[in-house]
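Just protein_12.cif here, mmCIF, C-alpha atoms and all ligand atoms:
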```cif
data_my_file
#
loop_
_atom_site.label_atom_id
_atom_site.label_comp_id
_atom_site.auth_asym_id
_atom_site.auth_seq_id
_atom_site.Cartn_x
_atom_site.Cartn_y
_atom_site.Cartn_z
CA MET A 975 -4.41 -13.38 3.97
CA ASN A 976 -4.19 -12.92 0.19
CA ILE A 977 -2.68 -15.70 -1.89
CA ILE A 978 -2.11 -16.77 -5.46
CA LEU A 979 -2.55 -20.37 -6.58
CA LEU A 980 -0.11 -20.81 -9.45
CA GLY A 981 0.10 -23.84 -11.70
CA PRO A 982 -0.63 -25.20 -15.16
CA PRO A 983 -4.15 -26.02 -16.37
CA GLY A 984 -5.35 -29.15 -14.59
CA ALA A 985 -3.07 -28.69 -11.57
CA GLY A 986 -6.10 -28.54 -9.27
CA LYS A 987 -6.15 -24.81 -8.51
CA GLY A 988 -9.93 -24.55 -8.56
CA THR A 989 -10.41 -27.59 -6.32
CA GLN A 990 -7.94 -26.30 -3.77
CA ALA A 991 -9.35 -22.78 -3.92
CA GLN A 992 -12.78 -24.19 -3.03
CA ILE A 993 -11.32 -25.96 0.01
CA LEU A 994 -9.76 -22.69 1.18
CA VAL A 995 -13.06 -20.87 0.64
CA ASP A 996 -14.87 -23.44 2.79
CA GLY A 997 -12.19 -23.77 5.46
CA ARG A 998 -10.95 -20.21 5.80
CA ASN A 999 -13.82 -18.06 4.62
CA MET A 1000 -11.65 -16.73 1.81
CA ILE A 1001 -12.89 -15.38 -1.51
CA GLN A 1002 -11.96 -17.18 -4.71
CA LEU A 1003 -11.21 -14.87 -7.60
CA SER A 1004 -11.02 -17.07 -10.69
CA THR A 1005 -10.65 -15.04 -13.86
CA GLY A 1006 -11.51 -18.21 -15.83
CA ASP A 1007 -14.86 -18.46 -13.99
CA MET A 1008 -15.54 -14.74 -14.47
CA LEU A 1009 -14.81 -15.00 -18.20
CA ARG A 1010 -17.01 -18.10 -18.58
CA GLU A 1011 -19.83 -16.25 -16.80
CA ALA A 1012 -19.42 -13.30 -19.16
CA LYS A 1013 -19.49 -15.68 -22.12
CA ASP A 1014 -22.57 -17.56 -20.86
CA SER A 1015 -24.51 -14.40 -20.15
CA GLY A 1016 -23.69 -13.12 -23.62
CA THR A 1017 -22.18 -9.77 -22.63
CA GLU A 1018 -20.13 -7.84 -25.21
CA MET A 1019 -16.97 -8.84 -23.40
CA GLY A 1020 -18.16 -12.45 -23.29
CA LYS A 1021 -18.55 -12.46 -27.07
CA ILE A 1022 -15.07 -11.06 -27.52
CA VAL A 1023 -13.41 -13.68 -25.31
CA ALA A 1024 -15.37 -16.80 -26.33
CA ASP A 1025 -13.25 -17.79 -29.33
CA VAL A 1026 -9.98 -16.89 -27.64
CA MET A 1027 -10.85 -19.09 -24.67
CA ALA A 1028 -12.09 -22.01 -26.77
CA ARG A 1029 -8.77 -22.00 -28.65
CA GLY A 1030 -6.82 -22.01 -25.40
CA ASP A 1031 -5.15 -18.63 -25.91
CA LEU A 1032 -4.97 -15.98 -23.21
CA VAL A 1033 -7.39 -13.08 -23.28
CA THR A 1034 -5.87 -9.61 -23.05
CA ASP A 1035 -4.24 -8.37 -19.86
CA GLU A 1036 -6.52 -5.34 -19.96
CA ILE A 1037 -9.70 -7.43 -19.73
CA VAL A 1038 -8.61 -9.65 -16.84
CA ILE A 1039 -6.98 -6.83 -14.89
CA GLY A 1040 -10.27 -4.92 -15.20
CA LEU A 1041 -12.19 -7.90 -13.81
CA ILE A 1042 -9.87 -8.23 -10.84
CA ARG A 1043 -9.84 -4.49 -10.15
CA GLU A 1044 -13.61 -4.57 -9.74
CA LYS A 1045 -13.58 -7.55 -7.36
CA LEU A 1046 -10.90 -6.12 -5.08
CA GLN A 1047 -13.28 -3.37 -4.13
CA GLY A 1048 -15.84 -5.82 -2.78
CA ASP A 1049 -15.99 -7.77 0.47
CA LYS A 1050 -12.66 -9.40 1.29
CA LYS A 1051 -13.72 -11.73 4.13
CA GLY A 1052 -10.78 -13.97 5.07
CA GLY A 1053 -8.77 -12.73 2.10
CA PHE A 1054 -8.51 -13.31 -1.62
CA ILE A 1055 -7.40 -16.43 -3.46
CA PHE A 1056 -6.25 -15.52 -6.94
CA ASP A 1057 -6.93 -18.58 -9.08
CA GLY A 1058 -5.72 -18.44 -12.68
CA PHE A 1059 -4.59 -14.84 -12.25
CA PRO A 1060 -2.00 -13.46 -12.77
CA ARG A 1061 -0.94 -15.36 -15.90
CA THR A 1062 1.55 -12.86 -17.34
CA LEU A 1063 4.24 -10.62 -15.89
CA ALA A 1064 2.15 -7.55 -16.77
CA GLN A 1065 -0.76 -9.01 -14.79
CA ALA A 1066 1.55 -9.74 -11.86
CA ASP A 1067 2.78 -6.14 -11.82
CA ALA A 1068 -0.79 -4.87 -12.08
CA LEU A 1069 -1.91 -7.09 -9.20
CA GLY A 1070 0.86 -5.70 -7.00
CA GLU A 1071 -0.29 -2.17 -7.77
CA LEU A 1072 -3.98 -2.95 -7.27
CA LEU A 1073 -3.33 -4.58 -3.92
CA ALA A 1074 -1.24 -1.61 -2.79
CA GLU A 1075 -3.97 0.83 -3.88
CA ASN A 1076 -6.43 -1.12 -1.73
CA GLY A 1077 -4.09 -1.22 1.27
CA GLU A 1078 -3.58 -4.96 0.83
CA THR A 1079 -0.51 -7.15 0.53
CA LEU A 1080 0.22 -10.50 -1.04
CA ASP A 1081 1.05 -13.11 1.58
CA SER A 1082 1.97 -16.20 -0.42
CA VAL A 1083 2.21 -17.56 -3.91
CA VAL A 1084 1.59 -21.29 -3.83
CA GLU A 1085 3.01 -23.08 -6.83
CA MET A 1086 1.28 -26.42 -7.46
CA GLN A 1087 3.75 -28.73 -9.18
CA VAL A 1088 2.28 -31.43 -11.44
CA ASN A 1089 3.89 -33.20 -14.36
CA ASP A 1090 2.48 -32.75 -17.84
CA ASP A 1091 1.30 -36.34 -18.39
CA VAL A 1092 -0.92 -36.06 -15.33
CA LEU A 1093 -2.36 -32.77 -16.58
CA VAL A 1094 -3.49 -34.26 -19.86
CA ASP A 1095 -5.11 -37.22 -18.05
CA ARG A 1096 -6.84 -34.94 -15.55
CA ILE A 1097 -8.24 -32.60 -18.17
CA VAL A 1098 -9.48 -35.41 -20.40
CA GLY A 1099 -10.97 -37.02 -17.26
CA ARG A 1100 -12.65 -33.75 -16.29
CA ALA A 1101 -14.26 -33.49 -19.73
CA GLU A 1102 -15.45 -37.12 -19.60
CA ALA A 1103 -16.83 -36.72 -16.07
CA ALA A 1104 -18.79 -33.62 -17.09
CA VAL A 1105 -20.36 -35.44 -20.03
CA ALA A 1106 -21.10 -38.61 -17.97
CA ALA A 1107 -22.89 -36.40 -15.40
CA GLY A 1108 -25.16 -35.16 -18.17
CA GLY A 1109 -23.40 -31.82 -18.47
CA GLU A 1110 -21.14 -30.33 -21.08
CA ALA A 1111 -17.37 -30.37 -21.15
CA ARG A 1112 -15.65 -26.99 -21.12
CA ALA A 1113 -15.11 -25.79 -24.68
CA ASP A 1114 -11.36 -25.73 -24.02
CA ASP A 1115 -11.08 -29.17 -22.36
CA ASN A 1116 -9.94 -31.00 -25.46
CA ALA A 1117 -6.54 -32.21 -26.65
CA GLU A 1118 -6.12 -29.43 -29.23
CA SER A 1119 -6.86 -26.53 -26.85
CA LEU A 1120 -4.93 -28.17 -24.06
CA LYS A 1121 -1.76 -28.12 -26.14
CA ILE A 1122 -2.15 -24.38 -26.63
CA ARG A 1123 -3.07 -23.80 -22.97
CA LEU A 1124 0.05 -25.67 -21.86
CA MET A 1125 2.22 -23.73 -24.30
CA GLU A 1126 0.72 -20.44 -23.10
CA TYR A 1127 1.46 -21.55 -19.54
CA TYR A 1128 5.09 -22.32 -20.23
CA LYS A 1129 5.69 -19.24 -22.38
CA LYS A 1130 3.80 -16.60 -20.43
CA THR A 1131 2.88 -17.84 -16.95
CA SER A 1132 5.77 -19.99 -15.77
CA PRO A 1133 8.12 -16.94 -15.62
CA LEU A 1134 6.00 -15.87 -12.65
CA ILE A 1135 7.59 -18.67 -10.63
CA GLY A 1136 10.94 -16.87 -10.85
CA TYR A 1137 9.29 -13.48 -10.39
CA TYR A 1138 7.68 -14.46 -7.09
CA TYR A 1139 10.69 -16.49 -5.98
CA ALA A 1140 12.80 -13.34 -6.34
CA LYS A 1141 10.25 -11.39 -4.31
CA GLY A 1142 10.44 -14.03 -1.57
CA ASP A 1143 6.75 -14.98 -1.85
CA LEU A 1144 7.00 -18.38 -3.53
CA LYS A 1145 6.02 -21.61 -1.80
CA SER A 1146 5.92 -24.83 -3.79
CA VAL A 1147 3.80 -27.87 -3.08
CA ASP A 1148 3.56 -31.27 -4.72
CA GLY A 1149 0.27 -31.22 -6.61
CA LEU A 1150 0.35 -34.93 -7.45
CA GLY A 1151 -1.22 -36.37 -4.29
CA THR A 1152 -4.86 -36.87 -3.40
CA ILE A 1153 -7.01 -33.77 -2.92
CA ASP A 1154 -6.62 -34.11 0.87
CA GLU A 1155 -2.87 -34.58 0.68
CA VAL A 1156 -2.46 -31.50 -1.46
CA SER A 1157 -4.76 -29.38 0.73
CA GLY A 1158 -2.74 -30.54 3.75
CA GLU A 1159 0.46 -29.42 2.07
CA ILE A 1160 -1.04 -26.07 1.16
CA ALA A 1161 -2.25 -25.54 4.74
CA GLY A 1162 1.28 -26.41 5.90
CA VAL A 1163 2.94 -23.72 3.79
CA LEU A 1164 0.27 -21.10 4.53
CA ASP A 1165 0.44 -21.61 8.28
CA ALA A 1166 4.21 -22.01 8.51
P1 LIG B 1201 -9.03 -21.28 -16.45
O1 LIG B 1201 -10.42 -21.57 -16.03
O2 LIG B 1201 -8.24 -20.56 -15.40
O3 LIG B 1201 -8.32 -22.49 -16.97
O4 LIG B 1201 -9.14 -20.25 -17.67
C1 LIG B 1201 -9.80 -20.60 -18.87
C2 LIG B 1201 -9.38 -19.64 -19.99
O5 LIG B 1201 -9.77 -18.31 -19.65
C3 LIG B 1201 -7.90 -19.56 -20.25
O6 LIG B 1201 -7.42 -20.59 -21.11
C4 LIG B 1201 -7.81 -18.18 -20.93
O7 LIG B 1201 -8.31 -18.21 -22.24
C5 LIG B 1201 -8.79 -17.38 -20.10
N1 LIG B 1201 -8.15 -16.79 -18.90
C6 LIG B 1201 -8.44 -17.08 -17.60
N2 LIG B 1201 -7.69 -16.34 -16.77
C7 LIG B 1201 -6.89 -15.57 -17.57
C8 LIG B 1201 -5.87 -14.62 -17.31
N3 LIG B 1201 -5.50 -14.30 -16.05
N4 LIG B 1201 -5.27 -14.03 -18.37
C9 LIG B 1201 -5.63 -14.33 -19.63
N5 LIG B 1201 -6.55 -15.24 -19.96
C10 LIG B 1201 -7.20 -15.86 -18.93
#
```
Please go through the file and, once you have read it, give me the structure as structure tokens.
Ligand code: AMP
Amino acid sequence: MNIILLGPPGAGKGTQAQILVDGRNMIQLSTGDMLREAKDSGTEMGKIVADVMARGDLVTDEIVIGLIREKLQGDKKGGFIFDGFPRTLAQADALGELLAENGETLDSVVEMQVNDDVLVDRIVGRAEAAVAAGGEARADDNAESLKIRLMEYYKKTSPLIGYYYAKGDLKSVDGLGTIDEVSGEIAGVLDA
């Protein structure tokens, strides 16, 4: 089973992806994680994307499509969870083509619905929790970058809701509950 988790920053995509990895032996493909790894290991690509990410802008379609292309050729276990990808219509088209080339299909697109006030609280909370635990907050988990990330989401990513609805793949869940409630809802739509 291959699925997309779709939702604004702070909707809980990463948390829910991890639950699906543990429970269903799926593989999480988070372009955000891949880009942060590239940045931390100081690769050429990492240097190019660091400022873009810190600002909250999207990196180019070409870069993220390249990252996903590579991963689709690896082990697919219980299927792929696309987390934070696709974020543009061009990425969505590319994903469809890449899956087809690999003899795969997309089973569901799970839209996690969360209102904007909650997103801001969650992201500020995530930054504070990271610092309290002795770590560092993500460079883009601050009010300034969040505004841009939300705007990027509404301008470029939210059209994917209509795109996948029209394809008949969209399933929406309420992302406002507890982690267990949301994972229960996701299981419900995936197993329906
Ligand atoms: P995330 O961890 O998914 O919130 O992603 C963090 C940042 O990485 C985003 O704000 C973008 O700068 C970049 N990014 C992650 N995934 C994508 C994508 N599919 N397309 C463009 N930029 C991305």
TODO: Using all atoms listed in the file, determine which residues lie at most 9 Å from A:Leu1063, disregarding the query and same-chain residues fewer than 6 positions distant; provide the list as an MDAnalysis selection string.
DONE: chainID A and resid 1130:1131 1133:1134 1137
Open item on the list: Which residues are near stretch 1020-1022 of chain A? Cut-off 12 Å, all atoms listed in the file, ignore same chain within fewer than 2 positions. Put them as a ChimeraX atom specification.
Closed with: /A:1006-1018,1024-1028,1033-1034,1037-1038
TODO: Record the distance separating atom CA of A:Leu979 and atom CA of A:Glu1085, expressed in Å with one decimal.
DONE: 6.2 Å
Task: 9 Å contact set for A:Pro982, only C-alpha atoms, chain neighbours under 3 positions out, as a PyMOL selection string - done: chain A and resi 985-987+1058+1086-1088+1090+1093+1123-1124+1127-1128+1131-1132
Open item on the list: Which residues are near A:Asp1057? Cut-off 8 Å, all atoms listed in the file, ignore same chain within fewer than 5 positions. Put them as number ranges by chain.
Closed with: A: 978-980, 987-988, 991, 1002-1005
I need the residues from that last selection saved to file as a PDB file, in the frame of the given file (with C-alpha atoms), if you can.
```pdb
ATOM      1  CA  ILE A 978      -2.110 -16.770  -5.460  1.00  0.00           C
ATOM      2  CA  LEU A 979      -2.550 -20.370  -6.580  1.00  0.00           C
ATOM      3  CA  LEU A 980      -0.110 -20.810  -9.450  1.00  0.00           C
ATOM      4  CA  LYS A 987      -6.150 -24.810  -8.510  1.00  0.00           C
ATOM      5  CA  GLY A 988      -9.930 -24.550  -8.560  1.00  0.00           C
ATOM      6  CA  ALA A 991      -9.350 -22.780  -3.920  1.00  0.00           C
ATOM      7  CA  GLN A1002     -11.960 -17.180  -4.710  1.00  0.00           C
ATOM      8  CA  LEU A1003     -11.210 -14.870  -7.600  1.00  0.00           C
ATOM      9  CA  SER A1004     -11.020 -17.070 -10.690  1.00  0.00           C
ATOM     10  CA  THR A1005     -10.650 -15.040 -13.860  1.00  0.00           C
TER      11      THR A1005
END
```
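We find atom CA of A:Gly1162 and atom CA of A:Asn976 to be spaced 15.6 Å apart.
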Open item on the list: Neighbouring residues of A:Lys1050 were defined as those with any atom within 12 Å, considering all atoms listed in the file; residues of the same chain fewer than 6 positions away were excluded. Please report them as a VMD selection string.
Closed with: chain A and resid 975 to 976 995 998 to 1003 1073 1076 to 1078
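If you look at atom CA of A:Glu1036 and atom C7 of ligand LIG 1201 (chain B), they are 10.5 Å away from each other.
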Centre, edges in Å (one decimal): axis-aligned box, stretch 1136-1153 of chain A, 8 Å padding on all six sides, as AutoDock Vina command-line options:
```
--center_x 2.9 --center_y -24.1 --center_z -6.2 --size_x 35.8 --size_y 41.5 --size_z 25.3
```
Open item on the list: For a quick check of understanding, using only C-alpha atoms, which of A:Gly1109, A:Gly1052, A:Pro983, A:Gly1158 has the smallest distance to A:Gly1030?
Closed with: A:Pro983
Task: Closest of A:Lys1045, A:Lys1051, A:Arg1061, A:Lys1141 to ligand LIG 1201 (chain B) - atom-to-atom distances counting all atoms listed in the file - done: A:Arg1061
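Shortest atom-to-atom contact with A:Thr1062 among A:Val1023, A:Leu1150, A:Lys1145, A:Leu1032: A:Leu1032, counting all atoms listed in the file.
Candidate residues A:Leu1046, A:Ile1097, A:Ala1074, A:Val1163 were compared for distance to ligand LIG 1201 (chain B), and the nearest is A:Ile1097, using only C-alpha atoms and all ligand atoms.
The nearest approach to ligand LIG 1201 (chain B) among the residues A:Ala1113, A:Ala1161, A:Ala1106, A:Val1094, with only C-alpha atoms and all ligand atoms taken into account, belongs to A:Ala1113.
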Open item on the list: Restricting the calculation to all atoms listed in the file: of A:Val1105, A:Ile1042, A:Val1156, A:Ala1140, which residue gets closest to ligand LIG 1201 (chain B)?
Closed with: A:Ile1042
